[in-house]
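Trainee: Input work.cif, format and content: mmCIF, C-alpha atoms.
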data_my_file
#
loop_
_atom_site.label_atom_id
_atom_site.label_comp_id
_atom_site.auth_asym_id
_atom_site.auth_seq_id
_atom_site.Cartn_x
_atom_site.Cartn_y
_atom_site.Cartn_z
CA MET F 15 -25.97 -7.89 8.23
CA LYS F 16 -27.52 -10.66 10.32
CA ILE F 17 -26.44 -8.90 13.52
CA ILE F 18 -27.97 -5.62 12.32
CA LYS F 19 -31.26 -7.31 11.47
CA GLY F 20 -31.26 -8.92 14.91
CA LYS F 21 -30.77 -5.55 16.60
CA ILE F 22 -33.53 -3.92 14.54
CA SER F 23 -35.85 -6.78 15.49
CA LEU F 24 -35.10 -6.25 19.18
CA TYR F 25 -35.54 -2.48 18.90
CA TRP F 26 -38.85 -3.04 17.10
CA LYS F 27 -40.06 -5.03 20.12
CA LEU F 28 -38.94 -2.24 22.43
CA ILE F 29 -41.10 0.39 20.74
CA LYS F 30 -44.29 -1.76 20.97
CA SER F 31 -45.03 -1.34 17.27
CA LEU F 32 -48.80 -1.86 17.51
CA GLN F 33 -49.23 0.68 20.29
CA THR F 34 -46.87 3.13 18.60
CA GLY F 35 -48.68 2.68 15.29
CA LEU F 36 -52.07 3.35 16.84
CA LEU F 37 -50.90 6.54 18.58
CA LEU F 38 -49.16 7.63 15.38
CA ALA F 39 -52.44 7.13 13.52
CA THR F 40 -54.22 9.41 16.00
CA GLY F 41 -51.59 12.11 15.52
CA LEU F 42 -51.83 11.98 11.74
CA ALA F 43 -55.62 11.98 11.94
CA GLY F 44 -55.46 15.10 14.08
CA PHE F 45 -53.21 16.80 11.54
CA MET F 46 -55.36 15.78 8.56
CA SER F 47 -58.59 16.77 10.32
CA CYS F 48 -57.81 20.42 9.57
CA LYS F 49 -58.62 19.74 5.87
CA CYS F 50 -55.93 22.04 4.52
CA PRO F 51 -56.68 22.59 0.83
CA VAL F 52 -52.95 22.54 -0.07
CA PHE F 53 -51.22 19.16 0.23
CA ASN F 54 -47.87 19.74 1.94
CA PHE F 55 -45.97 16.46 1.70
CA PRO F 56 -42.79 17.61 3.52
CA LEU F 57 -44.85 18.88 6.46
CA GLN F 58 -46.91 15.69 6.57
CA LEU F 59 -43.75 13.59 6.42
CA GLY F 60 -42.18 15.68 9.19
CA THR F 61 -45.29 15.24 11.33
CA ALA F 62 -45.24 11.48 10.88
CA ALA F 63 -41.50 11.25 11.57
CA THR F 64 -41.49 13.43 14.68
CA LEU F 65 -44.49 11.65 16.18
CA PHE F 66 -43.00 8.23 15.42
CA LEU F 67 -39.67 9.17 16.99
CA THR F 68 -41.14 10.70 20.15
CA ILE F 69 -43.79 8.03 20.70
CA SER F 70 -41.21 5.30 20.13
CA GLY F 71 -38.69 7.05 22.35
CA SER F 72 -41.06 7.46 25.27
CA THR F 73 -42.12 3.82 24.92
CA VAL F 74 -38.50 2.65 25.06
CA LEU F 75 -37.87 4.84 28.11
CA ASN F 76 -40.93 3.36 29.80
CA MET F 77 -39.68 -0.16 29.12
CA TRP F 78 -36.24 0.80 30.39
CA TYR F 79 -37.69 2.05 33.67
CA ASP F 80 -40.14 -0.86 34.04
CA ARG F 81 -37.67 -3.63 33.22
CA ASP F 82 -37.74 -4.93 36.82
CA ILE F 83 -41.52 -5.37 36.94
CA ASP F 84 -41.61 -6.71 33.37
CA ALA F 85 -39.39 -9.56 34.56
CA LYS F 86 -41.98 -10.47 37.22
CA MET F 87 -44.99 -10.65 34.90
CA LYS F 88 -45.74 -13.64 32.69
CA ARG F 89 -46.94 -11.59 29.74
CA THR F 90 -43.87 -9.31 29.73
CA CYS F 91 -41.04 -11.50 31.02
CA TYR F 92 -39.88 -12.25 27.45
CA ARG F 93 -39.33 -8.63 26.51
CA PRO F 94 -35.76 -7.79 25.37
CA LEU F 95 -34.81 -5.91 28.53
CA ALA F 96 -36.38 -8.45 30.87
CA VAL F 97 -34.41 -11.37 29.40
CA GLY F 98 -31.20 -9.39 28.91
CA ASP F 99 -31.12 -9.33 25.10
CA ILE F 100 -30.61 -5.56 25.35
CA SER F 101 -28.71 -3.87 28.16
CA PRO F 102 -30.39 -1.13 30.23
CA LYS F 103 -27.72 1.35 29.10
CA GLU F 104 -28.36 0.59 25.43
CA ALA F 105 -32.13 0.96 25.88
CA LEU F 106 -31.71 4.24 27.77
CA ILE F 107 -29.47 5.68 25.06
CA LEU F 108 -31.90 4.55 22.35
CA GLY F 109 -34.92 5.99 24.17
CA LEU F 110 -33.22 9.33 24.78
CA ALA F 111 -31.89 9.53 21.23
CA LEU F 112 -35.32 8.91 19.71
CA SER F 113 -37.12 11.28 22.10
CA ILE F 114 -34.61 14.15 21.83
CA THR F 115 -34.29 13.88 18.04
CA GLY F 116 -38.06 13.80 17.59
CA THR F 117 -38.64 16.72 19.96
CA PHE F 118 -35.98 18.97 18.41
CA TRP F 119 -37.29 18.20 14.92
CA ALA F 120 -40.83 19.00 16.11
CA VAL F 121 -39.66 22.35 17.54
CA ILE F 122 -37.97 23.19 14.24
CA ILE F 123 -41.22 22.47 12.38
CA ASN F 124 -43.26 24.57 14.80
CA PRO F 125 -42.31 25.57 18.39
CA PHE F 126 -45.87 25.26 19.68
CA TYR F 127 -46.25 21.85 18.08
CA GLY F 128 -42.91 20.84 19.61
CA LEU F 129 -44.09 21.95 23.05
CA ILE F 130 -47.17 19.71 22.88
CA VAL F 131 -45.07 16.79 21.62
CA PHE F 132 -42.69 17.29 24.57
CA ALA F 133 -45.67 17.46 26.94
CA GLY F 134 -46.68 14.00 25.73
CA ILE F 135 -43.25 12.60 26.59
CA PHE F 136 -43.25 14.38 29.97
CA PHE F 137 -46.66 13.07 31.03
CA ASP F 138 -45.97 9.58 29.73
CA VAL F 139 -42.46 8.99 31.07
CA PHE F 140 -42.08 11.22 34.10
CA VAL F 141 -45.61 11.65 35.48
CA TYR F 142 -47.24 8.35 34.53
CA THR F 143 -44.41 5.80 34.51
CA ILE F 144 -41.80 7.12 36.94
CA TRP F 145 -43.94 9.02 39.44
CA LEU F 146 -47.40 7.43 39.64
CA LYS F 147 -47.63 4.00 37.99
CA ARG F 148 -46.27 2.12 41.01
CA ARG F 149 -48.10 4.31 43.51
CA SER F 150 -51.68 4.75 42.35
CA CYS F 151 -54.19 3.16 40.01
CA TRP F 152 -55.28 6.69 39.11
CA SER F 153 -52.03 7.02 37.17
CA ILE F 154 -53.91 5.94 34.05
CA ILE F 155 -55.50 9.41 33.92
CA PHE F 156 -52.08 10.90 33.24
CA GLY F 157 -51.32 8.03 30.90
CA GLY F 158 -54.51 9.01 29.09
CA ILE F 159 -53.42 12.65 28.93
CA ALA F 160 -50.13 11.53 27.40
CA GLY F 161 -52.03 9.34 24.94
CA GLY F 162 -54.09 12.35 23.85
CA MET F 163 -51.07 14.53 23.08
CA PRO F 164 -50.30 13.14 19.58
CA ILE F 165 -53.76 13.92 18.21
CA LEU F 166 -53.78 17.33 19.90
CA ALA F 167 -50.31 18.06 18.53
CA GLY F 168 -51.31 17.03 15.01
CA ARG F 169 -54.48 19.10 15.06
CA THR F 170 -52.64 22.12 16.48
CA LEU F 171 -49.94 21.91 13.80
CA GLY F 172 -52.59 21.70 11.10
CA ILE F 173 -54.59 24.78 12.13
CA GLY F 174 -51.89 26.76 13.96
CA GLN F 175 -53.61 26.86 17.35
CA ILE F 176 -55.35 24.77 19.98
CA ASP F 177 -59.09 24.63 19.40
CA TRP F 178 -62.06 22.84 20.94
CA VAL F 179 -61.98 20.12 18.31
CA GLY F 180 -58.39 19.27 19.19
CA ILE F 181 -59.18 19.26 22.91
CA THR F 182 -62.24 17.06 22.37
CA LEU F 183 -60.28 14.63 20.22
CA ALA F 184 -57.69 14.41 23.01
CA LEU F 185 -60.50 13.79 25.52
CA ALA F 186 -61.82 10.98 23.32
CA ILE F 187 -58.42 9.29 23.62
CA LEU F 188 -58.35 9.99 27.37
CA PHE F 189 -61.76 8.34 27.85
CA TRP F 190 -60.88 5.46 25.51
CA ILE F 191 -57.74 4.50 27.41
CA PRO F 192 -59.54 3.19 30.56
CA THR F 193 -61.57 0.89 28.31
CA HIS F 194 -58.31 -0.43 26.94
CA ILE F 195 -56.12 -0.54 30.06
CA MET F 196 -58.71 -1.52 32.69
CA THR F 197 -59.94 -4.43 30.59
CA PHE F 198 -56.35 -5.52 30.14
CA SER F 199 -55.66 -5.24 33.88
CA MET F 200 -58.61 -7.55 34.61
CA ARG F 201 -57.39 -10.15 32.15
CA HIS F 202 -53.89 -10.07 33.63
CA PHE F 203 -54.96 -9.42 37.21
CA ASP F 204 -52.46 -11.86 38.78
CA ASP F 205 -49.58 -10.43 36.76
CA TYR F 206 -50.15 -6.90 38.00
CA LEU F 207 -50.68 -8.16 41.55
CA SER F 208 -47.40 -10.09 41.58
CA ALA F 209 -45.52 -7.09 40.21
CA GLY F 210 -47.02 -4.80 42.85
CA ILE F 211 -48.71 -2.48 40.34
CA PRO F 212 -51.91 -0.93 41.75
CA THR F 213 -54.88 -1.30 39.39
CA PHE F 214 -58.57 -0.51 39.58
CA PRO F 215 -59.53 -4.22 39.76
CA SER F 216 -57.19 -4.78 42.72
CA LYS F 217 -58.26 -1.63 44.57
CA PHE F 218 -61.97 -1.34 43.77
CA GLY F 219 -62.92 -4.79 42.46
CA PHE F 220 -64.02 -6.07 39.07
CA SER F 221 -67.63 -4.85 39.25
CA PHE F 222 -66.70 -1.22 39.87
CA THR F 223 -64.00 -1.43 37.20
CA ARG F 224 -66.51 -2.69 34.64
CA LEU F 225 -68.82 0.20 35.55
CA LEU F 226 -66.00 2.69 34.96
CA ILE F 227 -65.23 1.01 31.64
CA ALA F 228 -68.85 1.37 30.54
CA ILE F 229 -68.94 5.04 31.56
CA SER F 230 -65.61 5.85 29.90
CA SER F 231 -66.69 4.03 26.73
CA ILE F 232 -69.82 6.18 26.51
CA LEU F 233 -67.83 9.37 27.12
CA ALA F 234 -65.26 8.36 24.50
CA THR F 235 -67.93 7.83 21.85
CA LEU F 236 -69.64 11.13 22.72
CA ALA F 237 -66.35 13.04 22.46
CA MET F 238 -65.49 11.33 19.19
CA GLY F 239 -68.98 11.98 17.80
CA PHE F 240 -68.81 15.68 18.69
CA SER F 241 -65.38 15.94 17.06
CA ALA F 242 -66.57 14.14 13.94
CA ILE F 243 -69.45 16.55 13.49
CA ARG F 244 -67.21 19.58 14.02
CA VAL F 245 -64.69 18.47 11.39
CA GLY F 246 -67.50 18.06 8.88
CA MET F 247 -67.93 14.31 8.73
CA THR F 248 -70.70 13.41 6.29
CA MET F 249 -73.75 11.34 7.24
CA GLY F 250 -72.40 8.20 5.57
CA PHE F 251 -69.23 8.26 7.61
CA LEU F 252 -71.15 9.30 10.71
CA HIS F 253 -73.29 6.19 10.35
CA LEU F 254 -70.15 4.05 10.27
CA LEU F 255 -68.83 5.86 13.35
CA LEU F 256 -72.18 5.25 15.05
CA ILE F 257 -71.89 1.53 14.34
CA LEU F 258 -68.39 1.43 15.82
CA SER F 259 -69.56 3.43 18.83
CA GLY F 260 -72.55 1.17 19.32
CA GLY F 261 -70.28 -1.87 19.27
CA LEU F 262 -67.97 -0.42 21.92
CA ILE F 263 -70.81 0.64 24.21
CA SER F 264 -72.65 -2.67 23.75
CA LEU F 265 -69.61 -4.72 24.70
CA ALA F 266 -69.02 -2.52 27.74
CA ILE F 267 -72.64 -2.92 28.89
CA PHE F 268 -72.64 -6.67 28.24
CA SER F 269 -69.50 -6.95 30.35
CA LEU F 270 -71.53 -5.43 33.18
CA LEU F 271 -74.53 -7.71 32.75
CA LYS F 272 -72.73 -10.95 31.92
CA PRO F 273 -69.10 -10.56 32.98
CA SER F 274 -66.61 -13.08 31.64
CA GLU F 275 -62.93 -13.14 30.77
CA LYS F 276 -63.74 -13.84 27.12
CA LEU F 277 -66.06 -10.85 26.90
CA ASN F 278 -63.54 -8.65 28.68
CA PHE F 279 -60.85 -9.55 26.17
CA SER F 280 -63.26 -8.99 23.27
CA LEU F 281 -63.87 -5.51 24.65
CA PHE F 282 -60.10 -4.94 24.92
CA LYS F 283 -59.56 -5.89 21.26
CA PHE F 284 -62.59 -4.00 19.97
CA ALA F 285 -61.47 -0.83 21.76
CA SER F 286 -58.38 -0.74 19.53
CA ILE F 287 -60.48 -1.45 16.43
CA TYR F 288 -62.85 1.34 17.43
CA MET F 289 -60.09 3.90 17.84
CA LEU F 290 -58.28 2.95 14.63
CA GLY F 291 -61.57 2.93 12.71
CA SER F 292 -62.50 6.36 14.09
CA MET F 293 -59.14 7.78 13.01
CA ILE F 294 -59.53 6.38 9.50
CA LEU F 295 -62.99 7.92 9.20
CA ILE F 296 -61.66 11.32 10.28
CA VAL F 297 -58.92 11.12 7.66
CA LEU F 298 -61.36 10.08 4.91
CA VAL F 299 -63.80 12.93 5.51
#
Now, as a test, write the supplied structure out as structure tokens.
Mentor:
Amino acid sequence: MKIIKGKISLYWKLIKSLQTGLLLATGLAGFMSCKCPVFNFPLQLGTAATLFLTISGSTVLNMWYDRDIDAKMKRTCYRPLAVGDISPKEALILGLALSITGTFWAVIINPFYGLIVFAGIFFDVFVYTIWLKRRSCWSIIFGGIAGGMPILAGRTLGIGQIDWVGITLALAILFWIPTHIMTFSMRHFDDYLSAGIPTFPSKFGFSFTRLLIAISSILATLAMGFSAIRVGMTMGFLHLLLILSGGLISLAIFSLLKPSEKLNFSLFKFASIYMLGSMILIVLV
């Protein structure tokens, strides 16, 4: 029993539970944004399970592929693969098992939904991580596309087709991700440099990166605001969303005017709070 608990603990670290949980929340918010009058618990459970499996699986596959650079970075050198607590073969099998199981289950629920779920894995693992991450700082665009797939998949499953609300919600995630990742890459600039990972701070400098963060933050809030209005969010909830949006934009602008590592990290943390808060408001409408 102790050995099993130890393995589960290591696997839990592999799936990056906070990141997986946040993306899962976006997918469920997308599904629940359709406001179906009939509560379908089996379908909702299937949506949650398939998204959890595929998001977790792609995360494990990413960590499997990036185990060499994780070992070079101070913030990631203690991850299970980097220190050898889990073998690369075991991680690969786990990642494939989770991804394939989740994708097949998603296809059984709805083939179109399954296709979008698979697209998320494809963009995340093959395009972002394997092809572009070590070659170009612009890889985060494709990472952002992958990050937008859960909410698009959930919305599409809920209404039976891709609509402009689903696309805009996915764009909100796409624009939010630079705020999250670029701020993080400034805080851990030396780590990324030592691992040979191209980032916007290393290629274009901190000032230009902060400008992009401010612009992407504004675009994220505009996309989220448009989506909120289209799904019928009431004025009370819209006011709360406006407060969250104002906080994100303010931090991004302050990071331009008075840049500091502390402010950058505050922006990084608030970006996650903003996205989670936005998803909760969409669900509560």
Trainee: Pick out the closest residue to Leu59 in chain F from this set: F:Phe140, F:Trp78, F:Tyr25, F:Phe45. Count all atoms listed in the file.
Mentor: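 Looking only at the distances to Leu59 in chain F, the closest residue turns out to be F:Phe45.
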Trainee: Nearest residue to Arg224 in chain F out of F:Met200, F:Leu298, F:Ala167, F:Ala43, using all atoms listed in the file?
Mentor: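 Of F:Met200, F:Leu298, F:Ala167, F:Ala43, the one nearest Arg224 in chain F is F:Met200, counting all atoms listed in the file.
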Trainee: Can you translate the PyMOL selection byres ((chain F and resi 85) around 12) into the concrete residues it hits in this file, as an MDAnalysis selection string?
Mentor: chainID F and resid 77:84 86:98 205:206 208:209
Trainee: Write out as a list in words each polymer residue whose atoms come within 9 Å of Leu265 in chain F, counting only C-alpha atoms; drop sequence neighbours fewer than 6 positions from it.
Mentor: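 These residues fall inside the cut-off: Ala228, Leu277, Asn278, Ser280, Leu281 and Phe284 of chain F.
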Trainee: Under the PyMOL selection byres ((chain F and resi 196) around 12), which residues of this model are included? Write them out as a PDB file with C-alpha atoms, in the frame of the given file.
Mentor:
ATOM      1  CA  CYS F 151     -54.190   3.160  40.010  1.00  0.00           C
ATOM      2  CA  TRP F 152     -55.280   6.690  39.110  1.00  0.00           C
ATOM      3  CA  SER F 153     -52.030   7.020  37.170  1.00  0.00           C
ATOM      4  CA  ILE F 154     -53.910   5.940  34.050  1.00  0.00           C
ATOM      5  CA  ILE F 155     -55.500   9.410  33.920  1.00  0.00           C
ATOM      6  CA  GLY F 158     -54.510   9.010  29.090  1.00  0.00           C
ATOM      7  CA  PHE F 189     -61.760   8.340  27.850  1.00  0.00           C
ATOM      8  CA  TRP F 190     -60.880   5.460  25.510  1.00  0.00           C
ATOM      9  CA  ILE F 191     -57.740   4.500  27.410  1.00  0.00           C
ATOM     10  CA  PRO F 192     -59.540   3.190  30.560  1.00  0.00           C
ATOM     11  CA  THR F 193     -61.570   0.890  28.310  1.00  0.00           C
ATOM     12  CA  HIS F 194     -58.310  -0.430  26.940  1.00  0.00           C
ATOM     13  CA  ILE F 195     -56.120  -0.540  30.060  1.00  0.00           C
ATOM     14  CA  THR F 197     -59.940  -4.430  30.590  1.00  0.00           C
ATOM     15  CA  PHE F 198     -56.350  -5.520  30.140  1.00  0.00           C
ATOM     16  CA  SER F 199     -55.660  -5.240  33.880  1.00  0.00           C
ATOM     17  CA  MET F 200     -58.610  -7.550  34.610  1.00  0.00           C
ATOM     18  CA  ARG F 201     -57.390 -10.150  32.150  1.00  0.00           C
ATOM     19  CA  HIS F 202     -53.890 -10.070  33.630  1.00  0.00           C
ATOM     20  CA  PHE F 203     -54.960  -9.420  37.210  1.00  0.00           C
ATOM     21  CA  TYR F 206     -50.150  -6.900  38.000  1.00  0.00           C
ATOM     22  CA  PRO F 212     -51.910  -0.930  41.750  1.00  0.00           C
ATOM     23  CA  THR F 213     -54.880  -1.300  39.390  1.00  0.00           C
ATOM     24  CA  PHE F 214     -58.570  -0.510  39.580  1.00  0.00           C
ATOM     25  CA  PRO F 215     -59.530  -4.220  39.760  1.00  0.00           C
ATOM     26  CA  SER F 216     -57.190  -4.780  42.720  1.00  0.00           C
ATOM     27  CA  LYS F 217     -58.260  -1.630  44.570  1.00  0.00           C
ATOM     28  CA  PHE F 218     -61.970  -1.340  43.770  1.00  0.00           C
ATOM     29  CA  GLY F 219     -62.920  -4.790  42.460  1.00  0.00           C
ATOM     30  CA  PHE F 220     -64.020  -6.070  39.070  1.00  0.00           C
ATOM     31  CA  SER F 221     -67.630  -4.850  39.250  1.00  0.00           C
ATOM     32  CA  PHE F 222     -66.700  -1.220  39.870  1.00  0.00           C
ATOM     33  CA  THR F 223     -64.000  -1.430  37.200  1.00  0.00           C
ATOM     34  CA  ARG F 224     -66.510  -2.690  34.640  1.00  0.00           C
ATOM     35  CA  LEU F 225     -68.820   0.200  35.550  1.00  0.00           C
ATOM     36  CA  LEU F 226     -66.000   2.690  34.960  1.00  0.00           C
ATOM     37  CA  ILE F 227     -65.230   1.010  31.640  1.00  0.00           C
ATOM     38  CA  ALA F 228     -68.850   1.370  30.540  1.00  0.00           C
ATOM     39  CA  SER F 230     -65.610   5.850  29.900  1.00  0.00           C
ATOM     40  CA  SER F 231     -66.690   4.030  26.730  1.00  0.00           C
ATOM     41  CA  ALA F 266     -69.020  -2.520  27.740  1.00  0.00           C
ATOM     42  CA  ASN F 278     -63.540  -8.650  28.680  1.00  0.00           C
ATOM     43  CA  PHE F 279     -60.850  -9.550  26.170  1.00  0.00           C
ATOM     44  CA  LEU F 281     -63.870  -5.510  24.650  1.00  0.00           C
ATOM     45  CA  PHE F 282     -60.100  -4.940  24.920  1.00  0.00           C
ATOM     46  CA  ALA F 285     -61.470  -0.830  21.760  1.00  0.00           C
TER      47      ALA F 285
END
Trainee: Pick out the residues sitting within 12 Å of Lys21 in chain F, and hand them over as a PyMOL selection string; count all atoms listed in the file, and ignore anything fewer than 3 positions along from it in its own chain.
Mentor: chain F and resi 15-18+24-28+94+99-101+104-105+108
Trainee: Which residues, named as in the file, does the PyMOL selection byres ((chain F and resi 118) around 12) pick out? Answer as a PDB file with C-alpha atoms, in the frame of the given file.
Mentor:
ATOM      1  CA  GLY F  60     -42.180  15.680   9.190  1.00  0.00           C
ATOM      2  CA  ALA F  63     -41.500  11.250  11.570  1.00  0.00           C
ATOM      3  CA  THR F  64     -41.490  13.430  14.680  1.00  0.00           C
ATOM      4  CA  LEU F  65     -44.490  11.650  16.180  1.00  0.00           C
ATOM      5  CA  LEU F  67     -39.670   9.170  16.990  1.00  0.00           C
ATOM      6  CA  THR F  68     -41.140  10.700  20.150  1.00  0.00           C
ATOM      7  CA  LEU F 110     -33.220   9.330  24.780  1.00  0.00           C
ATOM      8  CA  ALA F 111     -31.890   9.530  21.230  1.00  0.00           C
ATOM      9  CA  LEU F 112     -35.320   8.910  19.710  1.00  0.00           C
ATOM     10  CA  SER F 113     -37.120  11.280  22.100  1.00  0.00           C
ATOM     11  CA  ILE F 114     -34.610  14.150  21.830  1.00  0.00           C
ATOM     12  CA  THR F 115     -34.290  13.880  18.040  1.00  0.00           C
ATOM     13  CA  GLY F 116     -38.060  13.800  17.590  1.00  0.00           C
ATOM     14  CA  THR F 117     -38.640  16.720  19.960  1.00  0.00           C
ATOM     15  CA  TRP F 119     -37.290  18.200  14.920  1.00  0.00           C
ATOM     16  CA  ALA F 120     -40.830  19.000  16.110  1.00  0.00           C
ATOM     17  CA  VAL F 121     -39.660  22.350  17.540  1.00  0.00           C
ATOM     18  CA  ILE F 122     -37.970  23.190  14.240  1.00  0.00           C
ATOM     19  CA  ILE F 123     -41.220  22.470  12.380  1.00  0.00           C
ATOM     20  CA  ASN F 124     -43.260  24.570  14.800  1.00  0.00           C
ATOM     21  CA  PRO F 125     -42.310  25.570  18.390  1.00  0.00           C
ATOM     22  CA  PHE F 126     -45.870  25.260  19.680  1.00  0.00           C
ATOM     23  CA  TYR F 127     -46.250  21.850  18.080  1.00  0.00           C
ATOM     24  CA  GLY F 128     -42.910  20.840  19.610  1.00  0.00           C
ATOM     25  CA  LEU F 129     -44.090  21.950  23.050  1.00  0.00           C
ATOM     26  CA  VAL F 131     -45.070  16.790  21.620  1.00  0.00           C
ATOM     27  CA  PHE F 132     -42.690  17.290  24.570  1.00  0.00           C
TER      28      PHE F 132
END
Trainee: So that I can check the surroundings of Leu185 in chain F, please list as a PyMOL selection string every protein, DNA and RNA residue that reaches within 8 Å of it, counting only C-alpha atoms and ignoring chain neighbours fewer than 2 positions away.
Mentor: chain F and resi 159+162+181-183+187-189+234+237
Trainee: To one decimal place in Å, what is the distance between CA of Leu57 in chain F and CA of Thr170 in chain F?
Mentor: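 Calculated distance between CA of Leu57 in chain F and CA of Thr170 in chain F is 13.1 Å.
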Trainee: Figure out the distance between CA of Arg169 in chain F and CA of Gly250 in chain F, please, to one decimal in Å.
Mentor: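 Between CA of Gly250 in chain F and CA of Arg169 in chain F the gap is 23.0 Å.
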Trainee: Calculate how many Å separate CA of Val299 in chain F from CA of Ala242 in chain F, rounding to one decimal.
Mentor: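 CA of Ala242 in chain F lies at a distance of 9.0 Å from CA of Val299 in chain F.
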Trainee: Which is closer to Ser31 in chain F than all the others in F:Ile130, F:Ile173, F:Ile243, F:Ile69, using only C-alpha atoms?
Mentor: F:Ile69
Trainee: So that I can see what lies close to Arg244 in chain F, please list as a PyMOL selection string the residues with an atom at most 10 Å from it, counting all atoms listed in the file and leaving out residues fewer than 4 positions away in the same chain.
Mentor: chain F and resi 47+178-179+238-240
Trainee: Taking 6 positions as the minimum chain separation for residues in the same chain, which residues sit within 8 Å of Ser72 in chain F when counting only C-alpha atoms? Answer as a list of chain:residue names.
Mentor: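 Contacts, with the query itself left out: F:Gly109, F:Ser113, F:Ile135, F:Asp138, F:Val139.
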